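All remarks here apply to the structure that follows.
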Amino acid sequence: SFKRGDADGDGHLAVSDALAILEYLFADGERPRCLDAADANDSGTLSISDPIALLRHLFLSGPTPPAPSPPTCGLDPTPDLLETCSYPTGSCIE
């Protein structure tokens with residue numbers, strides 16, 4: 001299980017998650033452990049729209065990321081081609 005938007009796998013939604021996605025997409029950064037979590041808008045792919053959605057949520061009262069929405073952990077209710085999550089132990093704490 002995972003929390004949508006928690007791209008760095010620390011169990012919390014923060015600016016660091018948006019930065020992790022941007023670094024992965026544009027600066028040869030480390031691959032997120034959970035691509036489904038990094039897919040913050042649940043579009044089924046990773047793109048610039050994912051960190052934008054996170055930042056809108058964090059700073060502009062934008063919508064909460066789709067299920068499994070923080071602070072709840074869960075499974076992805078929508079089918080996509082992203083790999084199954086591999087979260088570090090203890091990072092998906094409810």
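Residue numbering restarts at 1 in every chain; chains get A, B, ... in the order shown in the structure tokens, and ligands count up from 1 in that same order.
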**Study point:** Nearby residues (only C-alpha atoms) at most 10 Å from segment 50-55 of chain A, same-chain spacing under 6 positions excluded, as a ChimeraX atom specification
**Key:** /A:4-7,13-22,37-43,61-65
Review point. As a list in words, which residues of segment 1-91 of chain A does DSSP assign to helix (DSSP H, G or I)?
Key: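 Across segment 1-91 of chain A, those assigned helix (DSSP H, G or I) are Val15, Ser16, Asp17, Ala18, Leu19, Ala20, Ile21, Leu22, Glu23, Tyr24, Leu25, Phe26, Leu35, Asp36, Ala37, Ala38, Ser49, Asp50, Pro51, Ile52, Ala53, Leu54, Leu55, Arg56, His57, Leu58 and Phe59 of chain A.
Using only C-alpha atoms, the smallest distance between any of A:Phe26, A:Asp76, A:Pro32, A:Gly9 and Gly44 of chain A comes from A:Asp76.
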Exercise for review: Measuring atom to atom with only C-alpha atoms, identify which of A:Ala27, A:Gly11, A:Ile48, A:Thr78 is nearest to Pro66 of chain A.
Suggested key: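 Answer, going by the shortest atom-to-atom distance: A:Thr78.
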